[in-house]
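Worksheet for the structure shown next.
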Amino acid sequence: MTKTRTRFVCQQCGYAAPRWSGRCPQCEQWNTLVETLEQRPGPGASRVSAQNFPQPITSISTDGFSRIPVPLQEFNRTLGGGIVPGSVVLIGGDPGIGKSTLLLQLSALLAANGKPTLYVSGEESVQQIKMRARRLDIGQEQLYVIAETNLNQILGQIERLGPQLVVVDSIQAVYLDELESSAGSIGQVRECATALLRMAKSQSIPVFIVGHVTKEGAIAGPRVLEHMVDTVLYLEGERFHSYRLLRSVKNRFGSTNEVGVFEMQEQGLAEITNPSEAFLSERLASATGSVVAVTMEGTRPILVEIQALTTATSSGLPRRTANGIDFNRLLLLVAVLSKRVGFKLATQDVFVNVVGGLRISEPAADLGVAAAIASSLRGVPVPDDCVFLGEVGLSGELRSVGQADRRLNEAAKLGFRRCIVPRSLRLGHGPASAGQESASVSQLEVLRARSIGEALDLALRQ
Ligand SMILES: Nc1ncnc2c1ncn2[C@@H]1O[C@H](COP(=O)(O)OP(=O)(O)OP(=O)(O)O)[C@@H](O)[C@H]1O
Ligand SMILES: [Mg+2]
Ligand SMILES: [Zn+2]
């Protein structure tokens with residue numbers, strides 16, 4: 001067997017060496033040499049190909065390019081429809097978040113249509129996978145499983161089986177034997193991904209690749225991995241909560257920032273088709289410090305409960321704790337409440353929590369957070385049937401937020417009767433999105449406020 005040559009190429013300056021060294025002899029940077037498969041041009045490579053040639057765009061047919069539907073709506077939503085044949089999808093997520101579970105479920109759901117799917121695990125034995133499958137109640141005959149880390153073997157098996165879908169769990173566990181670097185190294189990850197990509201495109205087989213994430217939350221390995229693949233999904237969730245969000249951060253075949261919502265149960269990930277209802281299901285009536293805000297996840301409004309608790313500081317500096325919102329945003333809101341509304345928060349510990357482990361990153365929830373803090377401090381509950389919407393500015397002014405109709409429609413649909421919003425908020429009362437015709441903004445009493453002070457007067461009057 002002729003062994004393919006590899007080279008160690010500096011990622012900074014492009015210098016290539018036959019051996020690895022810690023420092024690039026040319027640009028003198030440390031740890032920049034990465035093992036790379038050498039592509040030696042074969043004989044005649046410069047001759048023009050007879051098979052592949054430029055064609056007029058009008059003559060290109062997309063027949064046979066239809067998406068494979070997945071009987072898992074939340075998954076389809078994230079992908080922007082079904083699975084595109086030949087596409088390569090990277091799924092990242094924290095350890096234990098449920099990546100293997102989700103992809104095993106996906107493989108089984110597709111295998112139910114009678115065509116084989118292949119689940120390759122480089123991390124678990126087939127017995128371990130079987131045990132998980134039993135717990136998830138998965139037993140499709142067309143679901144094939146193999147524990148293998150040698151990518152050339154895997155590619156060979158794919159060729160033999162001809163599956164409609166391949167899952168590789170994970171890219172850090174597989175290796176090409178042409179490279180000397182160990183599995184998980186930058187060189188291996190990149191070359192393995194390249195090989196899988198080539199297989200996917202040439203055989204029109206969709207491939208889902210699991211990627212582990214680093215402490216910082218990025219997919220481990222070269223950044224180029226995310227550039228190479230068609231779609232990048234992240235499975236997110238809080239460690240002690242059962243909700244999981246499947247978020248698309250890159251998608252060549254659909255919009256990004258669509259989000260699928262799941263709940264991790266004993267039988268695997270279950271779809272949550274109405275997240276707002278789920279996130280509000282345990283809300284206590286007339287509790288102080290509890291407020292409902294409407295946040296957008298992509299094009300989808302989600303109602304969330306924001307809780308705040310203020311207690312007298314026992315010693316020294318007052319504490320601020322933010323769960324599910326940005327810590328600096330909390331500091332800002334506390335400062336505005338102190339300075340513009342005159343709340344005595346300097347001697348209060350303030351805790352804020354978004355229920356269900358959801359993380360809100362948009363300022364549209366500012367008013368909700370501020371109202372929750374005010375409600376707790378004053379010991380007065382906000383009305384149960386009221387939602388809050390609005391960004392808070394440093395002068396205490398309320399600023400408008402986008403997609404207001406969508407948000408308020410969702411609130412009306414869930415039975416809310418009132419909303420407190422910025423005075424400048426534009427409401428078109430436009431047509432609700434599909435399936436929402438039953439309730440609309442016009443059923444809500446819209447209370448407008450110019451400043452946070454005015455909004456709190458409306459919210460906490462008794
Ligand atoms: N019996 C069970 N009941 C409910 N949930 C369970 C049960 N067993 C496992 N889980 C859930 O499944 C999770 C593990 O899922 P999975 O192995 O798919 O995660 P992963 O993202 O592939 O992890 P890794 O990064 O280790 O490969 C656990 O963290 C737990 O939340
Ligand atoms: Mg796993
Ligand atoms: Zn260099």
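Letters A, B, ... mark the chains of the structure tokens in the order given; residue numbers begin at 1 per chain; ligand numbers begin at 1, in order shown.
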Compile a residue-level contact table for chain A against ligand 3 at a cut-off of 10 Å, reporting for every qualifying residue the shortest atom pair and its distance in Å to one decimal, with only C-alpha atoms and all ligand atoms counted, rows ordered by chain and ascending number, as JSON lines.
```
{"residue": "A:Val9", "atom": "CA", "partner": "ligand 3", "partner_atom_place_in_ligand_line": "1 (Zn)", "distance": 7.9}
{"residue": "A:Cys10", "atom": "CA", "partner": "ligand 3", "partner_atom_place_in_ligand_line": "1 (Zn)", "distance": 4.6}
{"residue": "A:Gln11", "atom": "CA", "partner": "ligand 3", "partner_atom_place_in_ligand_line": "1 (Zn)", "distance": 6.6}
{"residue": "A:Gln12", "atom": "CA", "partner": "ligand 3", "partner_atom_place_in_ligand_line": "1 (Zn)", "distance": 5.0}
{"residue": "A:Cys13", "atom": "CA", "partner": "ligand 3", "partner_atom_place_in_ligand_line": "1 (Zn)", "distance": 4.1}
{"residue": "A:Gly14", "atom": "CA", "partner": "ligand 3", "partner_atom_place_in_ligand_line": "1 (Zn)", "distance": 6.0}
{"residue": "A:Tyr15", "atom": "CA", "partner": "ligand 3", "partner_atom_place_in_ligand_line": "1 (Zn)", "distance": 5.3}
{"residue": "A:Ala16", "atom": "CA", "partner": "ligand 3", "partner_atom_place_in_ligand_line": "1 (Zn)", "distance": 8.4}
{"residue": "A:Arg23", "atom": "CA", "partner": "ligand 3", "partner_atom_place_in_ligand_line": "1 (Zn)", "distance": 7.9}
{"residue": "A:Cys24", "atom": "CA", "partner": "ligand 3", "partner_atom_place_in_ligand_line": "1 (Zn)", "distance": 4.6}
{"residue": "A:Pro25", "atom": "CA", "partner": "ligand 3", "partner_atom_place_in_ligand_line": "1 (Zn)", "distance": 6.6}
{"residue": "A:Gln26", "atom": "CA", "partner": "ligand 3", "partner_atom_place_in_ligand_line": "1 (Zn)", "distance": 5.1}
{"residue": "A:Cys27", "atom": "CA", "partner": "ligand 3", "partner_atom_place_in_ligand_line": "1 (Zn)", "distance": 4.1}
{"residue": "A:Glu28", "atom": "CA", "partner": "ligand 3", "partner_atom_place_in_ligand_line": "1 (Zn)", "distance": 6.1}
{"residue": "A:Gln29", "atom": "CA", "partner": "ligand 3", "partner_atom_place_in_ligand_line": "1 (Zn)", "distance": 6.0}
{"residue": "A:Trp30", "atom": "CA", "partner": "ligand 3", "partner_atom_place_in_ligand_line": "1 (Zn)", "distance": 8.5}
{"residue": "A:Asn31", "atom": "CA", "partner": "ligand 3", "partner_atom_place_in_ligand_line": "1 (Zn)", "distance": 9.3}
{"residue": "A:Thr32", "atom": "CA", "partner": "ligand 3", "partner_atom_place_in_ligand_line": "1 (Zn)", "distance": 6.7}
{"residue": "A:Leu33", "atom": "CA", "partner": "ligand 3", "partner_atom_place_in_ligand_line": "1 (Zn)", "distance": 7.5}
```
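Excluding Thr4 of chain A itself and any same-chain residue fewer than 3 positions from it, the protein and nucleic acid residues within 9 Å of it, counting only C-alpha atoms, are Leu37, Glu38, Gln39, Glu178 and Leu179 of chain A.
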Write the residues of the preceding selection, restricted to N, CA, C and O atoms, as a short mmCIF file (atom, residue, chain, number, x, y, z; two decimals), in the first residue's frame.
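Just written: part.cif:
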```cif
data_model
loop_
_atom_site.label_atom_id
_atom_site.label_comp_id
_atom_site.auth_asym_id
_atom_site.auth_seq_id
_atom_site.Cartn_x
_atom_site.Cartn_y
_atom_site.Cartn_z
N LEU A 37 -2.64 16.44 5.05
CA LEU A 37 -2.42 15.48 3.97
C LEU A 37 -1.90 16.23 2.76
O LEU A 37 -2.44 17.27 2.39
N GLU A 38 -0.86 15.66 2.17
CA GLU A 38 -0.30 16.33 1.02
C GLU A 38 -1.09 15.95 -0.22
O GLU A 38 -1.33 14.76 -0.47
N GLN A 39 -1.54 16.94 -0.94
CA GLN A 39 -2.23 16.63 -2.19
C GLN A 39 -1.26 16.79 -3.35
O GLN A 39 -1.02 17.91 -3.81
N GLU A 178 -3.43 7.78 7.72
CA GLU A 178 -2.34 8.42 6.98
C GLU A 178 -1.62 9.48 7.81
O GLU A 178 -0.50 9.85 7.52
N LEU A 179 -2.29 10.01 8.82
CA LEU A 179 -1.68 11.05 9.63
C LEU A 179 -1.08 10.44 10.89
O LEU A 179 -1.64 9.51 11.45
#
```
key: Ile146 of chain A surroundings by only C-alpha atoms, 7 Å radius, close-in-sequence under 2 positions cut, as a ChimeraX atom specification   = /A:119-121,126,144,148
request  = Check segment 295-401 of chain A with DSSP on the backbone and list each residue it calls helix (DSSP H, G or I), as a ChimeraX atom specification.
outcome  = /A:327-341,355-357,363-378
Residues of the last selection are to be written out with C-alpha atoms, as an mmCIF file, in the first residue's frame.
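Saved as again-v4.cif:
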```cif
data_model
loop_
_atom_site.group_PDB
_atom_site.id
_atom_site.type_symbol
_atom_site.label_atom_id
_atom_site.label_comp_id
_atom_site.auth_asym_id
_atom_site.auth_seq_id
_atom_site.Cartn_x
_atom_site.Cartn_y
_atom_site.Cartn_z
ATOM 1 C CA PHE A 327 -24.829 40.124 34.769
ATOM 2 C CA ASN A 328 -23.852 43.576 33.523
ATOM 3 C CA ARG A 329 -27.389 44.148 32.310
ATOM 4 C CA LEU A 330 -28.590 43.449 35.851
ATOM 5 C CA LEU A 331 -26.103 45.955 37.277
ATOM 6 C CA LEU A 332 -27.338 48.533 34.784
ATOM 7 C CA LEU A 333 -30.982 47.962 35.684
ATOM 8 C CA VAL A 334 -30.222 48.140 39.409
ATOM 9 C CA ALA A 335 -28.377 51.415 38.819
ATOM 10 C CA VAL A 336 -31.273 52.872 36.825
ATOM 11 C CA LEU A 337 -33.793 51.774 39.474
ATOM 12 C CA SER A 338 -31.687 53.434 42.170
ATOM 13 C CA LYS A 339 -30.907 56.650 40.374
ATOM 14 C CA ARG A 340 -34.041 57.264 38.307
ATOM 15 C CA VAL A 341 -36.768 55.726 40.451
ATOM 16 C CA VAL A 355 -37.289 30.119 35.047
ATOM 17 C CA GLY A 356 -36.598 26.908 33.145
ATOM 18 C CA GLY A 357 -32.911 27.509 32.506
ATOM 19 C CA PRO A 363 -32.766 43.943 26.090
ATOM 20 C CA ALA A 364 -36.490 43.577 25.353
ATOM 21 C CA ALA A 365 -36.750 41.816 28.704
ATOM 22 C CA ASP A 366 -35.274 44.786 30.625
ATOM 23 C CA LEU A 367 -38.637 46.088 31.768
ATOM 24 C CA GLY A 368 -39.632 42.610 32.919
ATOM 25 C CA VAL A 369 -36.467 42.278 35.004
ATOM 26 C CA ALA A 370 -36.862 45.758 36.470
ATOM 27 C CA ALA A 371 -40.521 45.115 37.301
ATOM 28 C CA ALA A 372 -39.628 41.832 39.013
ATOM 29 C CA ILE A 373 -37.025 43.587 41.186
ATOM 30 C CA ALA A 374 -39.456 46.404 41.999
ATOM 31 C CA SER A 375 -42.228 43.959 42.832
ATOM 32 C CA SER A 376 -40.008 42.064 45.245
ATOM 33 C CA LEU A 377 -38.633 45.195 46.870
ATOM 34 C CA ARG A 378 -42.072 46.704 47.381
#
```
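Each of A:Asn353, A:Ser451, A:Thr101, A:Thr299 was compared to Gly324 of chain A using only C-alpha atoms, and A:Asn353 turns out to be the nearest.
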key: Minimum-distance residue to Gly96 of chain A, chosen among A:Met296, A:Ile205, A:Cys386, A:Met264 (using only C-alpha atoms)   = A:Met264
task = Using only C-alpha atoms and all ligand atoms, find each protein or nucleic acid residue lying at most 9 Å from ligand 2; present the set as a list in words.
result = Pro95, Gly96, Ile97, Gly98, Lys99, Ser100, Thr101, Ser121, Glu123, Glu124, Asp169, Ser170, Val210 and His212 of chain A
Keeping only N, CA and C atoms, take the residues you just selected and write them out as a short mmCIF file (atom, residue, chain, number, x, y, z; two decimals), in the first residue's frame.
```cif
data_model
loop_
_atom_site.label_atom_id
_atom_site.label_comp_id
_atom_site.auth_asym_id
_atom_site.auth_seq_id
_atom_site.Cartn_x
_atom_site.Cartn_y
_atom_site.Cartn_z
N PRO A 95 -20.64 18.59 27.38
CA PRO A 95 -20.68 17.17 27.71
C PRO A 95 -22.00 16.80 28.39
N GLY A 96 -22.58 15.70 27.97
CA GLY A 96 -23.77 15.19 28.63
C GLY A 96 -25.05 15.95 28.34
N ILE A 97 -25.03 16.86 27.39
CA ILE A 97 -26.21 17.68 27.12
C ILE A 97 -27.26 16.88 26.35
N GLY A 98 -26.81 15.85 25.62
CA GLY A 98 -27.77 15.00 24.91
C GLY A 98 -27.54 14.89 23.41
N LYS A 99 -26.30 15.13 22.96
CA LYS A 99 -26.01 15.07 21.53
C LYS A 99 -26.21 13.67 20.98
N SER A 100 -25.62 12.68 21.68
CA SER A 100 -25.74 11.30 21.21
C SER A 100 -27.19 10.86 21.24
N THR A 101 -27.90 11.25 22.28
CA THR A 101 -29.31 10.88 22.41
C THR A 101 -30.10 11.42 21.23
N SER A 121 -20.17 5.23 16.31
CA SER A 121 -19.72 5.80 17.57
C SER A 121 -18.25 5.54 17.77
N GLU A 123 -16.93 6.65 20.56
CA GLU A 123 -16.79 6.89 21.99
C GLU A 123 -17.43 5.84 22.85
N GLU A 124 -18.41 5.12 22.28
CA GLU A 124 -19.12 4.14 23.08
C GLU A 124 -19.13 2.80 22.36
N ASP A 169 -20.11 10.13 15.68
CA ASP A 169 -20.11 10.61 17.07
C ASP A 169 -18.78 10.22 17.71
N SER A 170 -17.76 10.99 17.74
CA SER A 170 -17.68 12.40 17.39
C SER A 170 -16.49 12.62 16.46
N VAL A 210 -20.88 14.96 15.37
CA VAL A 210 -20.87 15.54 16.72
C VAL A 210 -19.52 16.19 16.95
N HIS A 212 -17.29 18.10 20.03
CA HIS A 212 -17.25 18.51 21.44
C HIS A 212 -16.88 19.98 21.51
#
```
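Comparing the minimum interatomic distances between Glu35 of chain A and each of A:His227, A:Arg5, A:Arg244, A:Arg423, counting only C-alpha atoms, we find that A:Arg5 sits nearest.
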task = Name the residues in contact with Leu161 of chain A at a cut-off of 12 Å, using only C-alpha atoms, excluding same-chain residues fewer than 4 positions from it; report them as an MDAnalysis selection string.
result = chainID A and resid 115:119 142:146 154:157 165:166 205
Go ahead and write the selection's residues with C-alpha atoms as an mmCIF file, in the first residue's frame.
```cif
data_model
loop_
_atom_site.group_PDB
_atom_site.id
_atom_site.type_symbol
_atom_site.label_atom_id
_atom_site.label_comp_id
_atom_site.auth_asym_id
_atom_site.auth_seq_id
_atom_site.Cartn_x
_atom_site.Cartn_y
_atom_site.Cartn_z
ATOM 1 C CA LYS A 115 -33.995 2.545 4.483
ATOM 2 C CA PRO A 116 -30.800 1.988 6.451
ATOM 3 C CA THR A 117 -29.223 4.651 8.623
ATOM 4 C CA LEU A 118 -25.740 4.274 10.094
ATOM 5 C CA TYR A 119 -24.753 5.456 13.549
ATOM 6 C CA GLN A 142 -32.781 -0.529 9.590
ATOM 7 C CA LEU A 143 -30.785 1.319 12.240
ATOM 8 C CA TYR A 144 -27.200 0.091 11.908
ATOM 9 C CA VAL A 145 -24.647 0.734 14.606
ATOM 10 C CA ILE A 146 -20.876 0.403 14.595
ATOM 11 C CA ILE A 154 -15.946 3.924 8.401
ATOM 12 C CA LEU A 155 -15.907 5.202 4.821
ATOM 13 C CA GLY A 156 -15.626 1.639 3.568
ATOM 14 C CA GLN A 157 -18.619 0.566 5.652
ATOM 15 C CA LEU A 165 -27.987 9.046 6.752
ATOM 16 C CA VAL A 166 -24.709 8.763 8.617
ATOM 17 C CA ILE A 205 -25.546 11.053 1.832
#
```
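The closest residue to ligand 1, picked from A:Leu317, A:Ala173, A:Val304, A:Leu284 and counting only C-alpha atoms and all ligand atoms, is A:Ala173.
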ask   = Which residues, written as a PyMOL selection string, have at least one atom at most 10 Å from Ile91 of chain A, with only C-alpha atoms counted and residues fewer than 3 positions away on the same chain left out?
value = chain A and resi 88+99-100+102-103+169-170+208-213+219+231-235+246-248
task = Quick one: everything within 7 Å of Thr149 of chain A, counting only C-alpha atoms, minus sequence neighbours fewer than 4 positions away in the same chain. Send it as a ChimeraX atom specification.
result = /A:122,173-175
query = When distances are computed from only C-alpha atoms and all ligand atoms, which of A:Ala133, A:Ala17, A:Val392, A:Ile83 shows the smallest separation from ligand 1?
reply = A:Ala133
ask   = Which one of A:Phe53, A:Phe240, A:Phe253, A:Phe65 sits closest to ligand 1 if you count only C-alpha atoms and all ligand atoms?
value = A:Phe240
Spatial neighbours of Thr311 of chain A, 12 Å, only C-alpha atoms, chain gap at least 6 places, as a VMD selection string = chain A and resid 289 318 to 320 344 to 352 373 376 to 379
